[in-house]
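Step one of this worksheet: look at the structure below.
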Amino acid sequence: MTILILFLAFAVCLLGGLPILWAMGISTIAALAFGPLSMPPAWLAQQILRGADSIYLASIPLFLFSGELMNRGGLTRRLIAVAEFVFGRLTGGLGLVNVATAFVYGGISGSSTADTSAVAKLMIPAMASRGYPASHAAAITAASGTLGIIVPPSVVFILYGVLTNTSIGGLFLAGVIPGVLIALAFMATTWFIAKRRGYGETLPPPSTGQFLRDLVMALPALFMPVFILGTILSGLATTTEAAAFSVVYALAAGSLVYRELTFAEIGKAMVETISGTGAVMLIVAVATPFAWILTVEQAPQAASLLIHHADAGPLGTVALVVLFLLFIGTWLDLGPAMIVLAPILTPILREAGLAPLQIGVLFTVALGVGLYTPPVGTNLFVVCNIGRVSIGAVTRELVPFWIASLVVIVLLVLFPGLSEWLPGLYGSR
């Protein structure tokens, strides 16, 4: 009865257009008020406070802040310059540059939306000026922007680790090979489309001297993900401490190396960080009593029984869960979807034989597809706004990238080593 009230109220709130934060809060209150559970109002306040009381969650604003600082210090422009030298003379060169920049930037920002926005502002106009349709340029940017949640450090991995008690350092390592695989899949898709349609013109090669100057200036940015992972894996720092070190690193790089990070830009970075952190933390806090009700009412066990009754076998069970995640990702933002579904579906995937870190990567990649899928894809709205193109036009261009993502998801299911080998190498399973 309680679960029925919870989900019914949740669905009504979402259909009524309420933000996810209010939908979760109201449905929780409704379940407590009209269901058989008898909990005092003070309990709800305690649960909300407990939801945000995690030392690991403190790393989220720190990673977001360091990413903002690096971008405002001139990072994106220098990464694009280096990527142009490597990929600019290939077919569809600027499209490949777009994906490569998103891949490296994802290892710094930790946020898909920040990654997409930063790259889109420079790459969509640049691609349009060289003969690429704006809708195609926007599609590449929206899809490759999801690399920010897979390439370490990832805010989503931190969230999943806290929710499921999974090693965050292990998840960071587990995301490296899948991140490379997705980037290569998107590059292959971009190259094939450019070759078939005759998009773009090859870029004139820059001088070796100019490339070396750009490379030297980009090295602090390129080294940052290595620095973060190195401090965690070596035992010198926890995830939260590594996030704090990344802020100091970004401040030093932006002010001393790039010399473009002013006090005004630092202030703007703080505002953006507070805004992004507030959105995440409020949802996590309000989702805690929501998830508690699901656990007490044995929703994970009920979902497991339902899937077992389907008698689909281990591989069929994984396929059903992945399809469900892909569907939910198109209607619910990644953060809330992760908070609601991870505690329910993770045990089911473990029973089906998947390894813990493999599940975390699969969860993130499957839900991440929703970031560039209508009707609520955040990346989709970002690129349409920046590129001034319609959602319909970009959606048509995204079809090949959805196919590429599905191929990668199948590989992640069939070959656990793609996500488990590297963490195992460092003893972080």
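By order in the structure tokens, chains are A, B, ...; within a chain, residues start at 1; ligands start at 1, following the order shown.
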
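The neighbours of Thr395 (chain A) here are the residues that come within 9 Å of it, using only C-alpha atoms and leaving out any residue fewer than 6 positions away in the same chain; they are A:Ser135, A:Ala139, A:Tyr372, A:Thr373, A:Pro374, A:Leu380.
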
Just the residues within 12 Å of Ala58 (chain A), please, counting only C-alpha atoms, with nothing from its chain fewer than 3 positions along; format it as an NGL selection string.
:A and (52-55 or 61-65 or 155 or 158-159 or 162 or 238-244 or 277-278 or 280-281)

Region 324-330 of chain A surroundings by only C-alpha atoms, 7 Å radius, close-in-sequence under 4 positions cut, as a list in words:
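Near neighbours after the sequence-gap exclusion: Leu320, Leu334, Ala366, Leu367, Val369, Gly370, Thr373, Pro374, Pro375, Val376 and Gly377 of chain A.
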
Find the residues near Leu219 (chain A): any atom within 12 Å, counting only C-alpha atoms, skip ones fewer than 4 places away on the same chain, and give them as a list in words.
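What passes the distance filter is Leu75, Arg78, Leu79, Val82, Val104, Leu212, Arg213, Asp214, Leu215, Phe223, Met224, Pro225, Val226, Phe227, Ala253, Val257 and Tyr258 of chain A.
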
Can you pull out the residues contacting region 117-120 of chain A? Cut-off 7 Å, using only C-alpha atoms, and skip same-chain residues under 6 positions away; I want them as a list in words.
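Counting only C-alpha atoms, the residues come to Thr76, Ala102, Thr141, Val382, Val383 and Ile386 of chain A.
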
Write a file of the just-selected residues containing C-alpha atoms, as a short mmCIF file (atom, residue, chain, number, x, y, z; two decimals), in the first residue's frame.
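Below is the file that was written, again_10.cif:
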data_model
loop_
_atom_site.label_atom_id
_atom_site.label_comp_id
_atom_site.auth_asym_id
_atom_site.auth_seq_id
_atom_site.Cartn_x
_atom_site.Cartn_y
_atom_site.Cartn_z
CA THR A 76 39.05 24.45 -23.69
CA ALA A 102 35.02 16.34 -24.90
CA THR A 141 28.55 17.75 -29.08
CA VAL A 382 22.18 22.87 -24.06
CA VAL A 383 23.36 22.36 -27.66
CA ILE A 386 23.84 27.41 -28.04
#

Record the distance separating CA of Gly198 (chain A) and CA of Gly92 (chain A), expressed in Å with one decimal.
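Here the two named atoms are 8.2 Å from each other.
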
Residues within 12 Å of Glu260 (chain A), only C-alpha atoms, excluding chain neighbours under 3 positions, as a ChimeraX atom specification:
/A:69-75,77,250-257,263-266

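Here CA of Ala142 (chain A) and CA of Leu349 (chain A) stand 28.6 Å from one another.
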
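Using only C-alpha atoms, the nearest neighbour of Thr91 (chain A) within the list A:Ser129, A:Gln47, A:Thr116, A:Thr189 is A:Thr189.
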
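Ranking A:Leu425, A:Ala138, A:Leu37, A:Met217 by their shortest atom-to-atom distance to Leu122 (chain A), with only C-alpha atoms included, puts A:Ala138 first.
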
Would you please give, as a VMD selection string, all residues of region 271-382 of chain A that DSSP assigns to alpha helix (DSSP H) based on the backbone?
chain A and resid 271 to 296 299 to 309 313 to 329 334 to 351 356 to 368 378 to 382

Between CA of Gly169 (chain A) and CA of Ala221 (chain A), what distance in Å does the model show, to one decimal?
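These atoms are spaced 20.2 Å apart.
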
Excluding Ala185 (chain A) and its own-chain neighbours fewer than 3 positions away, which residues fall within 10 Å of it when counting only C-alpha atoms? Please give them as a ChimeraX atom specification.
/A:99,179-182,188-191,401,403-405,407-408

Taking into account only C-alpha atoms, which residue in the set A:Phe85, A:Phe192, A:Phe7, A:Phe245 is nearest to Thr208 (chain A)?
A:Phe85

Which is closer to Leu44 (chain A) than all the others in A:Met270, A:Ile20, A:Ile293, A:Ile232, using only C-alpha atoms?
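Looking at the shortest contact to Leu44 (chain A), the residue is A:Ile293.
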
Using only C-alpha atoms, can you tell me which of A:Val361, A:Ile80, A:Ala237, A:Val399 comes closest to Gly417 (chain A)?
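Ranking A:Val361, A:Ile80, A:Ala237, A:Val399 by distance to Gly417 (chain A), first place goes to A:Val361.
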
For Ala337 (chain A), which residue among A:Gly368, A:Pro314, A:Gly35, A:Pro356 is the nearest when counting only C-alpha atoms?
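Of A:Gly368, A:Pro314, A:Gly35, A:Pro356, the one nearest Ala337 (chain A) is A:Gly368, counting only C-alpha atoms.
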